[in-house]
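Just structure.cif here, mmCIF, C-alpha atoms:
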```cif
data_model
#
loop_
_atom_site.label_atom_id
_atom_site.label_comp_id
_atom_site.auth_asym_id
_atom_site.auth_seq_id
_atom_site.Cartn_x
_atom_site.Cartn_y
_atom_site.Cartn_z
CA SER A 10 46.14 -4.03 -59.81
CA GLU A 11 43.73 -1.33 -60.94
CA ARG A 12 42.14 -1.29 -57.49
CA THR A 13 45.47 -0.82 -55.76
CA ASP A 14 46.47 1.96 -58.15
CA LYS A 15 43.22 3.83 -57.51
CA MET A 16 43.69 3.54 -53.78
CA LYS A 17 47.22 4.86 -53.95
CA LYS A 18 46.05 7.87 -55.95
CA LYS A 19 43.33 8.58 -53.40
CA LEU A 20 45.43 8.18 -50.28
CA LEU A 21 48.76 9.47 -51.40
CA PRO A 22 48.44 12.53 -53.63
CA VAL A 23 51.81 13.70 -52.42
CA LEU A 24 53.44 10.76 -54.22
CA LEU A 25 51.89 11.22 -57.67
CA VAL A 26 54.97 12.70 -59.29
CA PHE A 27 57.80 11.22 -57.26
CA THR A 28 59.97 10.09 -60.11
CA ILE A 29 59.38 13.02 -62.46
CA LEU A 30 62.59 14.93 -63.21
CA ILE A 31 64.69 12.59 -61.06
CA THR A 32 67.07 11.84 -63.92
CA SER A 33 66.76 15.13 -65.77
CA GLY A 34 69.79 16.68 -64.09
CA SER A 35 67.92 19.80 -63.01
CA PHE A 36 65.21 20.66 -60.53
CA ALA A 37 62.67 23.15 -61.75
CA PHE A 38 60.74 22.66 -58.52
CA ALA A 39 63.51 24.08 -56.29
CA GLU A 40 63.99 27.78 -56.78
CA GLU A 41 67.51 28.76 -55.74
CA THR A 42 67.83 32.42 -54.82
CA ASN A 43 71.56 31.89 -54.37
CA SER A 44 73.99 28.98 -54.06
CA SER A 45 72.70 27.91 -50.65
CA THR A 46 69.09 29.09 -50.34
CA TYR A 47 66.28 26.77 -51.38
CA VAL A 48 62.65 27.79 -51.81
CA LEU A 49 60.61 24.61 -51.43
CA THR A 50 57.08 23.37 -51.13
CA LEU A 51 56.63 20.08 -49.28
CA ASP A 52 56.19 18.13 -52.53
CA GLU A 53 59.35 19.68 -53.93
CA ALA A 54 61.29 18.80 -50.80
CA ILE A 55 60.18 15.16 -51.10
CA LYS A 56 61.22 15.00 -54.76
CA LEU A 57 64.57 16.58 -53.98
CA ALA A 58 65.24 14.09 -51.18
CA LEU A 59 64.54 11.14 -53.48
CA ALA A 60 66.54 12.62 -56.33
CA ASN A 61 69.58 13.09 -54.08
CA ASP A 62 69.27 9.74 -52.26
CA PRO A 63 71.90 7.22 -53.47
CA ALA A 64 69.93 4.29 -52.03
CA TYR A 65 66.84 5.24 -54.01
CA LYS A 66 68.78 5.12 -57.26
CA ASN A 67 69.58 1.45 -56.58
CA PHE A 68 65.96 0.52 -57.24
CA ASP A 69 66.49 1.02 -60.97
CA SER A 70 69.07 -1.76 -61.15
CA ALA A 71 67.03 -3.91 -58.77
CA GLU A 72 64.03 -3.69 -61.08
CA LEU A 73 66.15 -4.63 -64.09
CA ASN A 74 67.61 -7.59 -62.22
CA ALA A 75 64.14 -8.78 -61.15
CA GLN A 76 63.01 -8.74 -64.79
CA LYS A 77 66.11 -10.71 -65.83
CA GLN A 78 65.33 -13.35 -63.19
CA LEU A 79 61.80 -13.66 -64.55
CA ASP A 80 63.04 -13.98 -68.13
CA LYS A 81 65.49 -16.68 -67.03
CA ALA A 82 62.74 -18.62 -65.26
CA TYR A 83 60.64 -18.67 -68.42
CA LYS A 84 63.66 -19.79 -70.47
CA ASP A 85 64.50 -22.56 -68.01
CA GLN A 86 60.93 -23.84 -68.25
CA ARG A 87 61.10 -23.92 -72.06
CA ASP A 88 64.42 -25.76 -71.93
CA ILE A 89 63.01 -28.74 -69.99
CA LYS A 90 62.65 -31.53 -72.57
CA GLY A 91 61.44 -35.12 -72.29
CA ALA A 92 60.46 -37.13 -69.24
CA ILE A 93 61.69 -36.24 -65.77
CA ARG A 94 63.31 -38.95 -63.65
CA LEU A 95 62.40 -38.94 -59.96
CA PRO A 96 63.74 -38.36 -57.40
CA ALA A 97 66.99 -37.29 -59.03
CA GLU A 98 65.36 -34.60 -61.18
CA LEU A 99 62.81 -33.25 -58.70
CA ALA A 100 64.15 -29.73 -59.23
CA ASN A 101 63.19 -30.01 -62.89
CA VAL A 102 59.60 -30.75 -61.87
CA ALA A 103 59.53 -27.43 -60.04
CA VAL A 104 60.94 -25.72 -63.12
CA LYS A 105 58.45 -27.34 -65.46
CA GLN A 106 55.45 -26.59 -63.21
CA GLY A 107 56.35 -22.91 -63.11
CA TYR A 108 57.48 -22.80 -59.47
CA TYR A 109 60.49 -20.62 -60.29
CA ILE A 110 58.48 -18.43 -62.65
CA GLU A 111 56.11 -17.68 -59.80
CA GLN A 112 59.09 -17.08 -57.53
CA ALA A 113 60.56 -14.60 -60.02
CA LYS A 114 57.20 -12.83 -60.34
CA ILE A 115 57.12 -12.49 -56.58
CA GLY A 116 60.65 -11.10 -56.67
CA LYS A 117 59.64 -8.51 -59.25
CA GLU A 118 56.55 -7.47 -57.29
CA THR A 119 58.58 -7.39 -54.07
CA THR A 120 61.03 -4.97 -55.67
CA LYS A 121 58.16 -2.78 -56.87
CA ARG A 122 56.54 -2.70 -53.44
CA SER A 123 59.84 -2.15 -51.70
CA LYS A 124 60.43 0.91 -53.87
CA PHE A 125 56.97 2.26 -53.14
CA GLN A 126 57.48 1.71 -49.42
CA TYR A 127 60.78 3.60 -49.62
CA GLU A 128 59.01 6.50 -51.33
CA CYS A 129 56.30 6.56 -48.67
CA LYS A 130 58.79 6.37 -45.83
CA THR A 131 60.80 9.21 -47.36
CA ALA A 132 57.65 11.31 -47.82
CA TYR A 133 56.62 10.77 -44.21
CA LEU A 134 60.05 11.57 -42.75
CA ILE A 135 60.53 14.63 -44.97
CA THR A 136 57.07 15.88 -43.98
CA GLN A 137 58.08 15.57 -40.35
CA SER A 138 61.42 17.29 -40.88
CA TYR A 139 59.91 20.02 -43.10
CA TYR A 140 57.33 21.01 -40.53
CA ASN A 141 59.77 20.72 -37.65
CA VAL A 142 61.57 23.62 -39.30
CA LYS A 143 58.30 25.51 -39.81
CA ILE A 144 57.31 25.04 -36.16
CA ALA A 145 60.76 26.04 -34.97
CA GLU A 146 60.49 29.21 -37.08
CA ASP A 147 57.06 29.94 -35.61
CA MET A 148 58.36 29.37 -32.08
CA VAL A 149 61.12 31.90 -32.70
CA GLU A 150 58.62 34.47 -33.98
CA THR A 151 56.22 33.80 -31.11
CA THR A 152 58.88 34.18 -28.43
CA LYS A 153 60.32 37.19 -30.24
CA THR A 154 56.91 38.86 -29.95
CA ALA A 155 56.73 37.88 -26.29
CA TYR A 156 60.21 39.32 -25.72
CA GLU A 157 59.28 42.59 -27.40
CA LEU A 158 56.15 42.83 -25.26
CA ALA A 159 58.21 42.12 -22.14
CA VAL A 160 60.67 44.89 -23.07
CA LYS A 161 57.80 47.29 -23.72
CA ASN A 162 56.22 46.34 -20.40
CA LYS A 163 59.54 46.89 -18.60
CA LYS A 164 59.79 50.40 -20.02
CA ASN A 165 56.26 51.19 -18.81
CA ILE A 166 57.07 49.84 -15.34
CA ASP A 167 60.27 51.89 -15.20
CA LEU A 168 58.27 55.01 -16.06
CA GLN A 169 55.64 54.21 -13.43
CA PHE A 170 58.36 53.58 -10.87
CA SER A 171 59.90 56.99 -11.57
CA LEU A 172 56.49 58.50 -10.84
CA GLY A 173 56.16 56.54 -7.61
CA MET A 174 53.26 54.45 -8.90
CA VAL A 175 54.83 50.96 -8.49
CA SER A 176 57.38 49.34 -6.21
CA GLN A 177 60.93 48.18 -6.85
CA LEU A 178 59.60 44.63 -6.72
CA ASP A 179 57.40 45.35 -9.74
CA VAL A 180 60.48 46.63 -11.58
CA ASN A 181 62.41 43.49 -10.65
CA LYS A 182 59.58 41.23 -11.82
CA ALA A 183 59.33 43.07 -15.14
CA GLY A 184 63.09 42.74 -15.57
CA TYR A 185 62.92 39.03 -14.81
CA SER A 186 60.22 38.61 -17.48
CA VAL A 187 62.53 40.27 -20.04
CA ASN A 188 65.40 37.95 -19.11
CA GLU A 189 63.15 34.89 -19.10
CA THR A 190 61.68 35.52 -22.55
CA LYS A 191 65.12 36.40 -23.94
CA ALA A 192 66.49 33.09 -22.67
CA GLN A 193 63.57 31.25 -24.28
CA LEU A 194 64.12 33.14 -27.53
CA ASP A 195 67.80 32.17 -27.58
CA LYS A 196 66.84 28.55 -26.89
CA ASN A 197 64.30 28.52 -29.71
CA GLU A 198 66.80 30.03 -32.13
CA ARG A 199 69.21 27.19 -31.33
CA THR A 200 66.39 24.69 -31.85
CA LEU A 201 65.66 26.24 -35.24
CA ALA A 202 69.29 26.05 -36.31
CA LEU A 203 69.37 22.35 -35.42
CA ALA A 204 66.08 21.70 -37.23
CA VAL A 205 67.42 23.36 -40.39
CA LYS A 206 70.61 21.30 -40.20
CA SER A 207 68.60 18.09 -39.77
CA PHE A 208 66.35 19.02 -42.69
CA ALA A 209 69.35 19.68 -44.95
CA THR A 210 70.76 16.28 -44.02
CA SER A 211 67.46 14.57 -44.87
CA LEU A 212 67.64 16.19 -48.33
CA PHE A 213 71.26 15.02 -48.77
CA ILE A 214 72.41 18.64 -49.07
CA GLU A 215 76.03 18.92 -48.01
CA GLU A 216 76.29 22.73 -47.91
CA THR A 217 76.89 23.75 -44.31
CA ASP A 218 75.36 27.19 -44.87
CA ALA A 219 72.20 26.03 -46.66
CA GLU A 220 69.10 28.10 -45.91
CA PHE A 221 65.48 27.30 -46.66
CA VAL A 222 62.33 29.21 -47.44
CA LEU A 223 59.54 26.70 -46.85
CA ALA A 224 56.34 27.75 -48.57
CA ASP A 225 53.74 25.33 -47.21
CA GLU A 226 51.93 25.86 -43.93
CA ILE A 227 50.44 22.95 -42.01
CA VAL A 228 47.12 22.26 -43.70
CA TYR A 229 44.77 19.64 -42.35
CA GLU A 230 41.21 18.40 -42.84
CA ASP A 231 38.76 16.58 -40.64
CA PHE A 232 39.57 12.88 -40.46
CA LYS A 233 37.26 10.59 -42.44
CA ALA A 234 37.87 6.86 -42.45
CA VAL A 235 36.04 3.55 -42.29
CA LEU A 236 38.15 1.36 -40.02
CA ALA A 237 36.88 -2.04 -41.21
CA GLU A 238 37.38 -1.17 -44.89
CA ASP A 239 40.80 0.34 -44.26
CA THR A 240 41.92 -2.71 -42.30
CA ALA A 241 40.93 -4.95 -45.22
CA LYS A 242 42.88 -2.70 -47.60
CA ALA A 243 45.91 -2.84 -45.33
CA ILE A 244 45.86 -6.64 -45.34
CA ASP A 245 45.83 -6.59 -49.16
CA ASN A 246 48.43 -3.85 -49.63
CA ARG A 247 51.03 -3.94 -46.88
CA PHE A 248 54.52 -4.93 -47.94
CA ASP A 249 55.24 -7.02 -44.83
CA LEU A 250 52.06 -9.08 -45.32
CA TYR A 251 52.76 -9.51 -49.02
CA GLN A 252 56.17 -10.99 -48.20
CA LEU A 253 54.72 -13.42 -45.66
CA LYS A 254 51.85 -14.37 -47.95
CA SER A 255 54.32 -15.00 -50.78
CA VAL A 256 56.40 -17.30 -48.59
CA TYR A 257 53.24 -19.21 -47.69
CA SER A 258 52.14 -19.42 -51.33
CA GLN A 259 55.51 -20.74 -52.48
CA ALA A 260 55.66 -23.22 -49.61
CA GLU A 261 52.25 -24.51 -50.64
CA LYS A 262 53.36 -24.91 -54.27
CA TYR A 263 56.56 -26.70 -53.28
CA THR A 264 54.58 -29.10 -51.11
CA LYS A 265 52.69 -30.17 -54.24
CA VAL A 266 55.99 -30.70 -56.05
CA THR A 267 57.44 -32.90 -53.30
CA ALA A 268 54.18 -34.89 -53.11
CA LEU A 269 55.36 -36.64 -56.28
CA LEU A 270 57.99 -38.39 -54.13
CA GLY A 271 55.30 -39.88 -51.91
CA GLN A 272 53.48 -38.66 -48.81
CA THR A 273 56.01 -40.33 -46.52
CA SER A 274 59.16 -39.00 -48.14
CA ALA A 275 61.50 -36.86 -46.03
CA GLN A 276 61.41 -33.99 -48.50
CA HIS A 277 57.62 -33.89 -48.52
CA SER A 278 57.49 -33.98 -44.72
CA GLU A 279 59.90 -31.05 -44.56
CA ALA A 280 57.85 -29.16 -47.16
CA LEU A 281 54.67 -29.71 -45.15
CA GLN A 282 56.37 -28.33 -42.02
CA SER A 283 57.57 -25.28 -43.93
CA LYS A 284 54.09 -24.73 -45.31
CA LEU A 285 52.51 -24.97 -41.85
CA SER A 286 55.07 -22.55 -40.39
CA ALA A 287 54.57 -20.05 -43.23
CA GLU A 288 50.79 -20.25 -42.88
CA THR A 289 50.98 -19.65 -39.13
CA ASN A 290 53.32 -16.67 -39.56
CA TYR A 291 51.05 -15.08 -42.16
CA LYS A 292 47.84 -15.53 -40.17
CA ASN A 293 49.45 -14.20 -36.99
CA ALA A 294 50.70 -11.17 -38.91
CA VAL A 295 47.19 -10.52 -40.24
CA ARG A 296 45.83 -10.51 -36.70
CA GLN A 297 48.61 -8.19 -35.55
CA THR A 298 47.90 -5.87 -38.50
CA ASP A 299 44.25 -5.66 -37.46
CA ILE A 300 45.32 -4.50 -34.00
CA PHE A 301 47.97 -2.15 -35.38
CA ILE A 302 45.64 -0.37 -37.81
CA ASN A 303 43.08 0.01 -35.03
CA SER A 304 45.76 1.54 -32.80
CA THR A 305 46.90 3.89 -35.59
CA TYR A 306 43.28 4.90 -36.17
CA ASN A 307 42.87 5.68 -32.46
CA ALA A 308 46.05 7.76 -32.54
CA VAL A 309 44.51 9.96 -35.24
CA LEU A 310 41.35 10.47 -33.17
CA ASP A 311 43.42 11.31 -30.09
CA ALA A 312 45.51 13.80 -32.06
CA TYR A 313 42.37 15.41 -33.49
CA ASP A 314 40.84 15.84 -30.04
CA ALA A 315 44.07 17.37 -28.76
CA LEU A 316 44.17 19.73 -31.75
CA LYS A 317 40.64 21.00 -31.18
CA LEU A 318 41.34 21.54 -27.50
CA SER A 319 44.55 23.41 -28.35
CA GLU A 320 42.67 25.67 -30.77
CA GLU A 321 40.07 26.41 -28.12
CA ASN A 322 42.70 27.03 -25.46
CA TYR A 323 44.68 29.43 -27.68
CA SER A 324 41.55 31.41 -28.50
CA ILE A 325 40.68 31.72 -24.81
CA ARG A 326 44.22 32.78 -23.84
CA GLN A 327 44.24 35.46 -26.54
CA GLN A 328 40.94 36.86 -25.29
CA GLU A 329 42.16 36.77 -21.71
CA TYR A 330 45.31 38.66 -22.62
CA ASN A 331 43.39 41.36 -24.50
CA ILE A 332 41.18 41.85 -21.45
CA SER A 333 44.23 41.81 -19.15
CA VAL A 334 45.82 44.68 -21.09
CA ILE A 335 42.71 46.81 -20.55
CA GLN A 336 42.47 45.79 -16.89
CA TYR A 337 46.09 46.64 -16.31
CA ASP A 338 45.72 50.06 -17.96
CA ILE A 339 42.93 50.98 -15.56
CA GLY A 340 44.69 49.51 -12.53
CA MET A 341 42.51 46.43 -11.99
CA ILE A 342 45.37 43.88 -12.12
CA THR A 343 49.05 43.89 -11.32
CA ASN A 344 51.98 43.82 -13.70
CA GLU A 345 52.71 40.25 -12.59
CA GLN A 346 49.22 39.17 -13.63
CA LEU A 347 49.66 40.82 -17.02
CA ILE A 348 52.96 39.01 -17.58
CA SER A 349 51.38 35.71 -16.57
CA SER A 350 48.60 36.20 -19.12
CA MET A 351 51.13 37.06 -21.82
CA ASN A 352 53.12 33.88 -21.08
CA LEU A 353 49.98 31.78 -21.32
CA VAL A 354 49.33 33.13 -24.83
CA THR A 355 52.87 32.23 -25.88
CA SER A 356 52.75 28.70 -24.49
CA SER A 357 49.28 28.00 -25.91
CA LYS A 358 50.43 29.12 -29.38
CA ILE A 359 53.38 26.75 -29.28
CA GLN A 360 51.10 23.97 -28.03
CA LEU A 361 48.73 24.61 -30.93
CA ASP A 362 51.52 24.44 -33.52
CA ASN A 363 52.71 21.12 -32.13
CA ALA A 364 49.15 19.77 -32.05
CA LYS A 365 48.69 20.65 -35.73
CA LEU A 366 51.82 18.74 -36.71
CA THR A 367 50.99 15.78 -34.50
CA TYR A 368 47.56 15.49 -36.12
CA LYS A 369 48.86 15.87 -39.67
CA LEU A 370 51.53 13.23 -39.14
CA ALA A 371 49.02 10.88 -37.50
CA VAL A 372 46.72 11.11 -40.53
CA GLU A 373 49.57 10.61 -42.99
CA LYS A 374 50.92 7.66 -41.02
CA TYR A 375 47.47 6.07 -41.01
CA ASN A 376 47.18 6.42 -44.78
CA TYR A 377 50.68 5.13 -45.44
CA GLU A 378 50.24 2.16 -43.08
CA ILE A 379 47.19 1.13 -45.08
CA ALA A 380 48.74 1.71 -48.51
CA ILE A 381 52.04 -0.14 -47.98
CA GLY A 382 53.25 -0.02 -44.36
CA LEU A 383 56.05 2.32 -43.41
CA GLY A 384 58.24 -0.26 -41.73
CA ILE A 385 59.31 2.26 -39.08
#
```
Output the structure of this file as structure tokens.
Amino acid sequence: SERTDKMKKKLLPVLLVFTILITSGSFAFAEETNSSTYVLTLDEAIKLALANDPAYKNFDSAELNAQKQLDKAYKDQRDIKGAIRLPAELANVAVKQGYYIEQAKIGKETTKRSKFQYECKTAYLITQSYYNVKIAEDMVETTKTAYELAVKNKKNIDLQFSLGMVSQLDVNKAGYSVNETKAQLDKNERTLALAVKSFATSLFIEETDAEFVLADEIVYEDFKAVLAEDTAKAIDNRFDLYQLKSVYSQAEKYTKVTALLGQTSAQHSEALQSKLSAETNYKNAVRQTDIFINSTYNAVLDAYDALKLSEENYSIRQQEYNISVIQYDIGMITNEQLISSMNLVTSSKIQLDNAKLTYKLAVEKYNYEIAIGLGI
């Protein structure tokens, strides 16, 4: 509907041009600096993943088949001629009353929503994988800086030791700091290599030496949502609820068809039971959706609080380290205290990066769960 389309445009700007260029045979959005290096924005990465995904291509044939089923249902209805003899021709009553036309319409809409859900799920997972690489890159750079500072500090300590200003223990501690940050750097480089490999797999890129230049940083805005309104939208839009509601609707229609056989007929009794079961399943799912959207909403608020605390903590640790450098230069603190302050800056930076991604993913998940439901 027009309302649904407007909501999708508002909530999911990243999906506006999903299918553009998918069948063109070329990708203007992915700049290749050589055969295995890809320069990608997040939107471009999402498009590339969908374009390369064999399962996504199957939706084209599924949509054609759904239209054929609808056309057949209309034809079958037109072909019903004359009076219908009951109970032998009960199926023809359903055909004539448009039961199978409605069923085919539901099938067509189900295919459409299934495709949209697949696009949303892909967008969410690619966003996660894309920024996992970005964070891994940042962790490498952060620990590389820490390692360089540790090496510089070790040289200063060695000089001071040669002048008799510090003890051998200070030298040993400075050396340990170098080894510790080097080990962390090596670990983060391995993590980055694995993140890149995982990202390439998610894009269906088979080159084992593929490299990526990812242009988009993690950008986020303050969270604005009206929980009651969003819950109502979710009940209208979610794919899982649409399926259950459709089953209930068709069960209700079939009950009316079987009523022609009499209220006490076995077929009508079975139809009534199916209708009651479908109604119960749908209403229970609506209640569960209310709880789920509330929980997803709370997760966003929790992630936002954690992000703001991480930003504050990183700022404090940076200031503390700058002061520690001055204090160390004038002999107010020990080398061990300086190293400790440096490590706190490194860990708080990594914590901040992770908090940014957690918050961004929480917001995107909230929006997707309202628009269609990720099904993951």
Query raised in the report: What is the distance, in Å and to one decimal place, between atom CA of Leu316 of chain A and atom CA of Gln193 of chain A?
Result: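 If I compute the distance from atom CA of Leu316 of chain A to atom CA of Gln193 of chain A, I get 23.8 Å.
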Could you list, with a cut-off of 8 Å and counting all atoms listed in the file, the residues of segment 321-360 of chain A near segment 178-187 of chain A, each shown with its nearest atom pair and the distance in Å rounded to one decimal, rows sorted by chain and ascending number, as JSON lines?
```
{"residue": "A:Asn344", "atom": "CA", "partner": "A:Asp179", "partner_atom": "CA", "distance": 6.9}
{"residue": "A:Glu345", "atom": "CA", "partner": "A:Lys182", "partner_atom": "CA", "distance": 7.0}
{"residue": "A:Ile348", "atom": "CA", "partner": "A:Ser186", "partner_atom": "CA", "distance": 7.3}
```
Query raised in the report: Expanded to explicit residues, what is the PyMOL selection byres ((chain A and resi 321-331) around 8) for this file, as a list of chain:residue names?
Result: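 What the PyMOL selection byres ((chain A and resi 321-331) around 8) grabs from the file is A:Lys317, A:Leu318, A:Ser319, A:Glu320, A:Ile332, A:Ser333, A:Val334, A:Ile335, A:Leu347, A:Ser350, A:Met351, A:Leu353, A:Val354, A:Ser357, A:Lys358, A:Leu361.
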Store the residues of this selection in a file with C-alpha atoms, as an mmCIF file, keeping the file's coordinate frame.
```cif
data_model
loop_
_atom_site.group_PDB
_atom_site.id
_atom_site.type_symbol
_atom_site.label_atom_id
_atom_site.label_comp_id
_atom_site.auth_asym_id
_atom_site.auth_seq_id
_atom_site.Cartn_x
_atom_site.Cartn_y
_atom_site.Cartn_z
ATOM 1 C CA LYS A 317 40.640 21.000 -31.180
ATOM 2 C CA LEU A 318 41.340 21.540 -27.500
ATOM 3 C CA SER A 319 44.550 23.410 -28.350
ATOM 4 C CA GLU A 320 42.670 25.670 -30.770
ATOM 5 C CA ILE A 332 41.180 41.850 -21.450
ATOM 6 C CA SER A 333 44.230 41.810 -19.150
ATOM 7 C CA VAL A 334 45.820 44.680 -21.090
ATOM 8 C CA ILE A 335 42.710 46.810 -20.550
ATOM 9 C CA LEU A 347 49.660 40.820 -17.020
ATOM 10 C CA SER A 350 48.600 36.200 -19.120
ATOM 11 C CA MET A 351 51.130 37.060 -21.820
ATOM 12 C CA LEU A 353 49.980 31.780 -21.320
ATOM 13 C CA VAL A 354 49.330 33.130 -24.830
ATOM 14 C CA SER A 357 49.280 28.000 -25.910
ATOM 15 C CA LYS A 358 50.430 29.120 -29.380
ATOM 16 C CA LEU A 361 48.730 24.610 -30.930
#
```
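Atom CA of Thr154 of chain A sits 20.8 Å away from atom CA of Tyr140 of chain A.
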**Report entry** Residue nearest Ser255 of chain A among A:Ala192, A:Ala92, A:Leu203, A:Ala287 (counting only C-alpha atoms)
**Finding:**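 Answer, going by the shortest atom-to-atom distance: A:Ala287.
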Query raised in the report: Closest to Asn363 of chain A among A:Tyr313, A:Phe248, A:Phe208, A:Tyr133, using all atoms listed in the file?
Result: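 Of all the options, A:Tyr313 lies closest to Asn363 of chain A.
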Report task. Identify which of the residues A:Ala204, A:Ile379, A:Ala75, A:Val235 lies closest to Ile144 of chain A, counting all atoms listed in the file when measuring atom-to-atom distances. Result ->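 Of A:Ala204, A:Ile379, A:Ala75, A:Val235, the one nearest Ile144 of chain A is A:Ala204, counting all atoms listed in the file.
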Requested in this report: Check the smallest atom-to-atom distance from each of A:Asp85, A:Asp195, A:Glu226, A:Glu288 to Leu366 of chain A using only C-alpha atoms, then report the winner.
Outcome: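 The answer is A:Glu226, which sits nearest to Leu366 of chain A.
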Report task. Measure the distance from atom CA of Ser349 of chain A to atom CA of Leu201 of chain A in Å and round it to one decimal. Result ->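 About the pair atom CA of Ser349 of chain A and atom CA of Leu201 of chain A: they are 25.3 Å apart.
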Query - For Thr367 of chain A: contacts at 12 Å, all atoms listed in the file, fewer than 4 positions along chain excluded, given as a PyMOL selection string - result: chain A and resi 136-137+140-141+144+227-229+308-316+319+360-363+371-374
Query raised in the report: Which is closest to Ala224 of chain A among A:Gly107, A:Ala241, A:Gln336, A:Glu53, if we use only C-alpha atoms?
Result: A:Glu53
Query raised in the report: Looking at A:Glu279, A:Asp69, A:Glu220, A:Asp88, which one is nearest to Lys105 of chain A, with distances taken over all atoms listed in the file?
Result: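 Ranked by minimum distance to Lys105 of chain A, first place goes to A:Asp88.
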Requested in this report: Taking the file as shown, find all residues satisfying the PyMOL selection byres ((chain A and resi 243) around 12) and write them as an NGL selection string.
Outcome: :A and (13 or 16-17 or 236-242 or 244-251 or 294-303 or 305 or 375-383)
Requested in this report: Counting all atoms listed in the file, note down every residue that has an atom within 9 Å of the point (58.2, 4.6, -46.9) (file coordinates), as a PyMOL selection string.
Outcome: chain A and resi 123-134+377+381-385
